[in-house]
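**Q** First, the structure itself, so that you have it in front of you.
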Amino acid sequence: FIAFKIPDFYPPYNLFTLVLVAKDVNILFDELEAVGSPCKDDDSLLHPGNLTSTSDDASRLEARGETVPERNKSNGLYFRDGKCRIDYILVYRKSNPQTEKREVFERNIRAEGLQMEKESSLINSDIIFVKLHAPWEVLGRYAEQMNVRMPFRRKIYYLPRRYKFMSRIDKQISRFRRWLPKKPMRLDKETLPDLEENDCYTAPFSQQRIHHFIIHNKETFFNNATRSRIVHHILQRIKYEEGKNKIGLNRLLTNGSYEAAFPLHEGSYRSKNSIRTHGAENHRHLLYECWASWGVWYKYQPLDLVRRYFGEKIGLYFAWLGWYTGMLFPAAFIGLFVFLYGVTTLDHSQVSKEVCQATDIIMCPVCDKYCPFMRLSDSCVYAKVTHLFDNGATVFFAVFMAVWATVFLEFWKRRRAVIAYDWDLIDWEEEEEEIRPQFEAKYSKKERMNPISGKPEPYQAFTDKCSRLIVSASGIFFMICVVIAAVFGIVIYRVVTVSTFAAFKWALIRNNSQVATTGTAVCINFCIIMLLNVLYEKVALLLTNLEQPRTESEWENSFTLKMFLFQFVNLNSSTFYIAFFLGRFTGHPGAYLRLINRWRLEECHPSGCLIDLCMQMGIIMVLKQTWNNFMELGYPLIQNWWTRRKVRQEHGPERKISFPQWEKDYNLQPMNAYGLFDEYLEMILQFGFTTIFVAAFPLAPLLALLNNIIEIRLDAYKFVTQWRRPLASRAKDIGIWYGILEGIGILSVITNAFVIAITSDFIPRLVYAYKYGPCAGQGEAGQKCMVGYVNASLSVFQISDFENRSEPESDGSEFSGTPLKYCRYRDYRDPPHSLVPYGYTLQFWHVLAARLAFIIVFEHLVFCIKHLISYLIPDLPKDLRDRMRREKYLIQEMMYEAELERLQKERKERKKNGKAHHNEWP
């Protein structure tokens, strides 16, 4: 079975077929790159940093009268002869003592057939650049070993049968579309290149069947990303010392033998000429103009071009990010509708009216001594703000977002299947991964037979693995306890400072002490979050290395899971406290619960606890996204600017014009050590904010959408202009992140159910409307049924029952001219003169039962809808499945015909040479 791609929106490619006959090819080495030639750090291979000088090869070509492309010699993308394209760059310092390892390594590089050339830096003679080029013979040999898929035949499109009625409808629709404007989000096809492999069947490259593949030019048959990947594959398997573990470029980078290793960008991303009049200079320039530029923020991403330049793994990240951003549009629209619904119904809200008109209701102080009595009407603004987020549409939005998360993930499966088919990833399987050097060094004495390769390999005993996992789990638990301790510190800060702000001299802060306490606590919490993130990265590295994972993918998955757990708990612990614990266990006036029998626990605002949760989410979300965007783009910009500034100060501004491409790329920032981990983690945490507490903050999807529109272009700009070109690597999906997304989707259903039932006043209002209000027993729940709700939700407290340490300094005489005897507080308790003073009323138990029932019904209903949607949406689109089956049949027919044609040609040649056989088939 051979997988192939579906075409994208690119125009058809004008293709002519060049049939090549496979022949035995002997690998010829360049004279400078002969196997036996020396490979010193400072030898005949090293040329000074002068772009105008030529190598011996170029001199010989010119002596024979052959022309040398002058442009290739000067753009820094080719060897000094102007013909051998640079596929990979190694960088080291001459002062580095690891000379012998480099000598052996570079000698073995030439033995593999790679061509090498060295050049010293223009700004620092201690820095040496090793330029590597892979000839056609080497590329073909290793492409066959790596099963690199290449185009071999033009696609034959299968058009499904259409009925006459449907054809007529299509004609009418096409006529109507002529009057409509063109799709503004589509990129101009004329600016995009024709990517040949999008329009061809592909198969694993084979030198024996080379005549089957479409080869116009051997130099461009393998694109630059594929060439770099093949060279990197070779470098990872070259020895630098005797011994089975002394192998690979990664180890040389780890021990400092080489300072850097990277493929080159395809030239500058800027051009003096307009891309519309003169076209793109290279693919990097094209990506900058049609992808990384701010002027195209509203257009679709050229994913095929991104994949060609950066590889499938990075292409999948941007495909997922684009899909997530596109899916945020309906969520942001509905969330904005819920918010606007609250705005339009604000004047008709009976609860807000009663709060604003309650000038005769005096509320008890919210803290000890310094907090004064206050009228309920003083919290009118907060009651109105609460209604904007907590209204009749909140439950609908929570259900919608739970369903939205499922639809997003299910349709991403389908989108990923199409992309995998388009990019030849359907049948691609990761090759057997190499064992990590640290694992080999630790367990080299114990070996067992690998059941797949049949070769002996280091072995980790089960008891050793379990003990390490237990220690690692203990470390994770300890770090989570550190986060809980930090949250506990924030809680203490809140209960202490609320009294401080209540005694503040400024009336603005004194009258809004709770809001000031919440705002400052959120900002301090954000600072603690950012500080702990630095600690978590080091702890996650330590624990992951302590586990000794066998392969790089196991190490990456383990590190990813730890970092996500740490970051998620760190970012959301305070939010969980405000949502589910703030004001829930405070007791009541006269019998307050206290921390360490000293600090009175914080109460909710008279208008409810939802305003605190909204502030927490809004501030954290905005600050976190702003900080991440600055660190992602601002830090590399500052670093690159500082590097250019030092070069200008030392060598003058005119020297930067003559820098070759390898030196320009070396001065850029390297990609993160963990690859796309930071990019994925940022978006996954944002997805959690968007779904987990969305019932309390309906504007979260809108903020996420605005951030992601900027994020796509920021990441694109960073990849194209500020980072060295990463090595193109393949991947079939987004890995462990998909499982994390599913877990967040499940958690969001539970948390939203609790937010609606416990944090918001939706259930108490519903119980009052149907059971205790003017419409009790009538089956109605309109605004007229909410008359008297505020008074029914407040209990009465006798001021003389205050504890000595809770008794306020003021006696409340400023309200009525006489000392107050009673004040009100939010709870369902009996009055002080009842048989059981301050005991729970029957309404409290009705509300509690309704809350528990709502949680159970909401969760079961939403989970049933989620599972139903998952069942109804197939992972593979039907048209894609049919196309795969159809093209599988066609490809088998074409392979059979190609082999038959080749055998017939061979038979004719034998007849001409008089070597025909009578029993020959066919």
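Residues are named by chain letter and number: chains run A, B, ... in the order of the structure tokens, numbers start at 1 in each chain, and ligands are numbered from 1 in the order shown.
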Using only C-alpha atoms, determine which residues lie at most 10 Å from Leu535 in chain A, disregarding the query and same-chain residues fewer than 5 positions distant; provide the list as a list in words.
**A** Met479, Met530, Ala540 and Phe566 of chain A
**Q** Keeping N, CA, C and O atoms for every residue in the selection just given, could you write it to a file as a compact mmCIF listing (two decimals), in the first residue's frame?
**A**
# COMPACT_ATOMS: atom_id res chain seq x y z
N MET A 479 5.97 19.23 44.84
CA MET A 479 5.86 20.51 44.14
C MET A 479 4.42 21.00 44.11
O MET A 479 4.16 22.20 44.19
N MET A 530 4.88 33.29 37.83
CA MET A 530 6.02 33.42 36.92
C MET A 530 7.32 32.97 37.59
O MET A 530 8.19 32.37 36.94
N ALA A 540 11.29 19.71 36.90
CA ALA A 540 10.82 18.75 35.91
C ALA A 540 12.00 18.10 35.19
O ALA A 540 11.99 16.88 34.93
N PHE A 566 2.60 20.83 36.55
CA PHE A 566 3.09 21.93 37.38
C PHE A 566 2.46 23.26 36.95
O PHE A 566 1.97 24.01 37.79
**Q** Within 8 Å of range 811-835 of chain A, which residues of range 341-448 of chain A show up? Give each one with its shortest atom-to-atom distance in Å (one decimal) and the two atoms involved, counting only C-alpha atoms, rows by chain then rising residue number, as JSON lines.
**A**
{"residue": "A:Ile361", "atom": "CA", "partner": "A:Arg824", "partner_atom": "CA", "distance": 7.1}
{"residue": "A:Ile362", "atom": "CA", "partner": "A:Cys823", "partner_atom": "CA", "distance": 5.4}
{"residue": "A:Met363", "atom": "CA", "partner": "A:Arg824", "partner_atom": "CA", "distance": 4.7}
{"residue": "A:Cys364", "atom": "CA", "partner": "A:Cys823", "partner_atom": "CA", "distance": 5.2}
{"residue": "A:Pro372", "atom": "CA", "partner": "A:Gly812", "partner_atom": "CA", "distance": 7.8}
{"residue": "A:Phe373", "atom": "CA", "partner": "A:Gly812", "partner_atom": "CA", "distance": 6.3}
**Q** Generate the output file for the selected residues, N, CA, C and O atoms, as an mmCIF file, in the first residue's frame.
**A**
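Saved result, part_34.cif, follows:
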data_model
loop_
_atom_site.group_PDB
_atom_site.id
_atom_site.type_symbol
_atom_site.label_atom_id
_atom_site.label_comp_id
_atom_site.auth_asym_id
_atom_site.auth_seq_id
_atom_site.Cartn_x
_atom_site.Cartn_y
_atom_site.Cartn_z
ATOM 1 N N ILE A 361 -31.265 48.513 53.888
ATOM 2 C CA ILE A 361 -30.660 47.260 54.340
ATOM 3 C C ILE A 361 -29.201 47.530 54.673
ATOM 4 O O ILE A 361 -28.417 47.947 53.814
ATOM 5 N N ILE A 362 -28.830 47.312 55.927
ATOM 6 C CA ILE A 362 -27.465 47.543 56.395
ATOM 7 C C ILE A 362 -26.772 46.199 56.517
ATOM 8 O O ILE A 362 -27.246 45.297 57.223
ATOM 9 N N MET A 363 -25.628 46.066 55.833
ATOM 10 C CA MET A 363 -24.877 44.809 55.825
ATOM 11 C C MET A 363 -23.838 44.795 56.952
ATOM 12 O O MET A 363 -23.267 45.835 57.309
ATOM 13 N N CYS A 364 -23.596 43.616 57.481
ATOM 14 C CA CYS A 364 -22.593 43.452 58.530
ATOM 15 C C CYS A 364 -21.193 43.677 57.956
ATOM 16 O O CYS A 364 -20.970 43.483 56.763
ATOM 17 N N PRO A 372 -16.369 48.891 58.177
ATOM 18 C CA PRO A 372 -17.591 49.514 58.708
ATOM 19 C C PRO A 372 -18.842 48.782 58.234
ATOM 20 O O PRO A 372 -18.792 47.899 57.373
ATOM 21 N N PHE A 373 -19.966 49.162 58.814
ATOM 22 C CA PHE A 373 -21.250 48.746 58.258
ATOM 23 C C PHE A 373 -21.448 49.453 56.919
ATOM 24 O O PHE A 373 -20.922 50.539 56.679
#
**Q** With a distance cut-off of 10 Å and only C-alpha atoms, select the neighbouring residues of Phe863 in chain A, excluding the residue or stretch itself and same-chain residues fewer than 3 positions from it, and output the selection as number ranges by chain.
**A** A: 399, 402-403, 406, 746, 749-750, 857-860, 866-869
**Q** Restrict the selected residues to C-alpha atoms and save them as a tab-separated table (two decimals), in the first residue's frame.
**A**
chain	number	residue	atom	x	y	z
A	399	VAL	CA	-23.34	23.50	27.77
A	402	ALA	CA	-18.60	21.64	26.63
A	403	VAL	CA	-20.08	20.53	23.30
A	406	THR	CA	-15.82	17.90	21.85
A	746	ILE	CA	-13.67	16.33	30.63
A	749	VAL	CA	-17.67	19.80	32.21
A	750	ILE	CA	-17.19	19.10	35.92
A	857	VAL	CA	-28.05	16.24	35.73
A	858	PHE	CA	-25.73	18.73	34.03
A	859	GLU	CA	-22.74	16.37	34.00
A	860	HIS	CA	-24.69	13.36	32.76
A	866	LYS	CA	-20.27	14.61	24.09
A	867	HIS	CA	-20.23	10.84	23.59
A	868	LEU	CA	-23.04	11.04	21.06
A	869	ILE	CA	-21.15	13.67	19.06
**Q** Would you pick out the contacts of Lys771 in chain A at 12 Å or less, using only C-alpha atoms, so that residues sharing its chain but fewer than 2 positions from it are not included, and give the list as JSON, numbers by chain?
**A** {"A": [763, 764, 765, 766, 767, 768, 769, 773, 774, 775, 776, 777, 778, 779, 780, 781, 785, 786, 789, 792, 842, 843, 846, 847, 850]}
**Q** If you keep N, CA, C and O atoms, can you produce a file of those selected residues as a short mmCIF file (atom, residue, chain, number, x, y, z; two decimals), in the first residue's frame?
**A**
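Final output, saved to part17.cif:
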data_model
loop_
_atom_site.label_atom_id
_atom_site.label_comp_id
_atom_site.auth_asym_id
_atom_site.auth_seq_id
_atom_site.Cartn_x
_atom_site.Cartn_y
_atom_site.Cartn_z
N ILE A 763 -28.82 28.78 40.87
CA ILE A 763 -29.68 27.80 41.56
C ILE A 763 -30.50 28.45 42.66
O ILE A 763 -31.72 28.21 42.77
N PRO A 764 -29.92 29.30 43.54
CA PRO A 764 -30.78 29.96 44.55
C PRO A 764 -31.90 30.79 43.94
O PRO A 764 -33.02 30.80 44.48
N ARG A 765 -31.64 31.45 42.82
CA ARG A 765 -32.70 32.23 42.17
C ARG A 765 -33.78 31.31 41.63
O ARG A 765 -34.98 31.62 41.72
N LEU A 766 -33.36 30.18 41.05
CA LEU A 766 -34.33 29.24 40.50
C LEU A 766 -35.21 28.65 41.60
O LEU A 766 -36.44 28.52 41.45
N VAL A 767 -34.59 28.29 42.73
CA VAL A 767 -35.36 27.73 43.85
C VAL A 767 -36.34 28.76 44.39
O VAL A 767 -37.51 28.45 44.69
N TYR A 768 -35.88 30.01 44.49
CA TYR A 768 -36.78 31.06 45.01
C TYR A 768 -37.95 31.29 44.06
O TYR A 768 -39.10 31.45 44.48
N ALA A 769 -37.67 31.31 42.76
CA ALA A 769 -38.72 31.60 41.79
C ALA A 769 -39.80 30.53 41.80
O ALA A 769 -41.00 30.84 41.69
N GLY A 773 -41.03 32.43 45.84
CA GLY A 773 -41.37 33.74 45.31
C GLY A 773 -42.85 33.93 45.08
O GLY A 773 -43.69 33.07 45.41
N PRO A 774 -43.20 35.06 44.49
CA PRO A 774 -44.63 35.34 44.21
C PRO A 774 -45.27 34.33 43.26
O PRO A 774 -46.48 34.17 43.27
N CYS A 775 -44.44 33.67 42.43
CA CYS A 775 -44.97 32.71 41.45
C CYS A 775 -44.85 31.27 41.93
O CYS A 775 -44.87 30.34 41.12
N ALA A 776 -44.65 31.06 43.21
CA ALA A 776 -44.45 29.71 43.74
C ALA A 776 -45.64 28.83 43.41
O ALA A 776 -46.80 29.20 43.63
N GLY A 777 -45.37 27.67 42.84
CA GLY A 777 -46.40 26.73 42.48
C GLY A 777 -47.07 26.99 41.16
O GLY A 777 -47.95 26.23 40.76
N GLN A 778 -46.70 28.06 40.45
CA GLN A 778 -47.33 28.40 39.18
C GLN A 778 -46.51 27.95 37.97
O GLN A 778 -46.98 28.09 36.84
N GLY A 779 -45.30 27.44 38.20
CA GLY A 779 -44.47 26.97 37.11
C GLY A 779 -43.87 28.08 36.27
O GLY A 779 -43.55 27.85 35.10
N GLU A 780 -43.72 29.26 36.82
CA GLU A 780 -43.12 30.38 36.11
C GLU A 780 -41.83 30.80 36.81
O GLU A 780 -41.64 30.56 38.00
N ALA A 781 -40.93 31.47 36.01
CA ALA A 781 -39.66 31.92 36.59
C ALA A 781 -39.20 33.22 35.95
O ALA A 781 -38.02 33.42 35.73
N CYS A 785 -41.28 37.07 39.11
CA CYS A 785 -41.23 36.02 40.14
C CYS A 785 -40.05 36.20 41.09
O CYS A 785 -39.93 35.47 42.07
N MET A 786 -39.13 37.15 40.78
CA MET A 786 -37.94 37.36 41.60
C MET A 786 -38.12 38.50 42.59
O MET A 786 -37.16 38.87 43.28
N TYR A 789 -36.41 38.61 46.24
CA TYR A 789 -35.35 37.60 46.34
C TYR A 789 -34.20 38.08 47.22
O TYR A 789 -33.66 37.31 48.04
N ALA A 792 -34.95 37.78 50.79
CA ALA A 792 -35.06 36.37 51.21
C ALA A 792 -33.70 35.69 51.29
O ALA A 792 -33.54 34.69 51.99
N LEU A 842 -35.11 25.94 56.14
CA LEU A 842 -35.50 24.92 55.17
C LEU A 842 -35.08 25.34 53.75
O LEU A 842 -34.76 24.48 52.92
N GLN A 843 -35.07 26.63 53.48
CA GLN A 843 -34.66 27.11 52.16
C GLN A 843 -33.21 26.74 51.87
O GLN A 843 -32.86 26.45 50.73
N HIS A 846 -33.20 23.18 50.66
CA HIS A 846 -33.75 23.11 49.30
C HIS A 846 -32.72 23.56 48.27
O HIS A 846 -32.56 22.94 47.21
N VAL A 847 -32.01 24.65 48.57
CA VAL A 847 -30.98 25.14 47.65
C VAL A 847 -29.85 24.13 47.53
O VAL A 847 -29.35 23.86 46.41
N ALA A 850 -30.99 21.25 45.41
CA ALA A 850 -31.09 21.66 44.01
C ALA A 850 -29.71 21.77 43.38
O ALA A 850 -29.51 21.44 42.20
#
**Q** Can you pull out the residues contacting Phe129 in chain A? Cut-off 9 Å, using only C-alpha atoms, and skip same-chain residues under 5 positions away; I want them as a list in words.
**A** Leu46, Ile89, Leu90, Val91, Tyr92, Arg93, Glu117, Lys118, Glu119, Ser120, Ser121, Trp662 and Glu663 of chain A
**Q** Just the helix (DSSP H, G or I) stuff from range 638-873 of chain A, please, per backbone DSSP, written as a ChimeraX atom specification.
**A** /A:638-651,653-658,661-666,677-692,700-722,736-759,762-772,783-786,789-792,799-801,813-816,842-872
**Q** Near range 698-705 of chain A, within 8 Å and counting only C-alpha atoms, which residues show up once chain neighbours fewer than 4 positions away are dropped, as a list in words?
**A**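 The neighbour list is Thr325, Leu328, Phe329, Ala331, Ala332, Phe333, Gly335, Leu336, Val338, Phe339, Phe389, Thr394, Phe397, Gly618, Val622, Gln686, Phe689, Thr690, Val694 and Ile709 of chain A.
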**Q** Which residues are close to Tyr459 in chain A, i.e. within 10 Å by only C-alpha atoms, leaving aside same-chain residues fewer than 3 positions away? Reply as a VMD selection string.
**A** chain A and resid 439 to 440 442 to 450 456 462 550
**Q** Check the smallest atom-to-atom distance from each of A:Ile470, A:Met374, A:Ala398, A:Val498 to Ile334 in chain A using only C-alpha atoms, then report the winner.
**A** A:Ala398
**Q** In terms of the shortest atom-to-atom distance over only C-alpha atoms, which of A:Phe501, A:Arg598, A:Asp360, A:His285 is closest to Arg375 in chain A?
**A**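 So, comparing all the options, the nearest one is A:Asp360.
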**Q** Determine which residues of range 429-643 of chain A DSSP labels as strand (DSSP E or B) from the backbone of this structure, then write them out as a list in words.
**A**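 Of range 429-643 of chain A, the ones in strand (DSSP E or B) are Ile435, Glu447, Arg448, Met449, Pro456, Glu457, Pro458, Thr551, Gly587, His588, Ala591, Tyr592, Arg594, Leu595, Trp599, Arg600, His605 and Gly608 of chain A.
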**Q** Closest to Ala516 in chain A among A:Val790, A:Leu425, A:Met615, A:Ile736, using only C-alpha atoms?
**A** A:Met615
**Q** Hey, which of A:Ile684, A:Leu252, A:Ala696, A:Met894 ends up closest to Glu106 in chain A? Count only C-alpha atoms.
**A**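 Using only C-alpha atoms, the shortest distance to Glu106 in chain A belongs to A:Leu252.
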**Q** Using only C-alpha atoms, pick whichever of A:His278, A:Asn570, A:Glu354, A:Trp297 has the shortest atom-to-atom distance to Asn791 in chain A.
**A**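 The closest residue to Asn791 in chain A is A:Glu354.
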**Q** Can you work out the spacing between CA of Asn282 in chain A and CA of Trp320 in chain A in Å, to one decimal?
**A**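 Between CA of Asn282 in chain A and CA of Trp320 in chain A the gap works out to 25.7 Å.
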**Q** Can you measure CA of Tyr840 in chain A to CA of Tyr772 in chain A for me? One decimal in Å is fine.
**A**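 Going from CA of Tyr840 in chain A over to CA of Tyr772 in chain A covers 16.0 Å.
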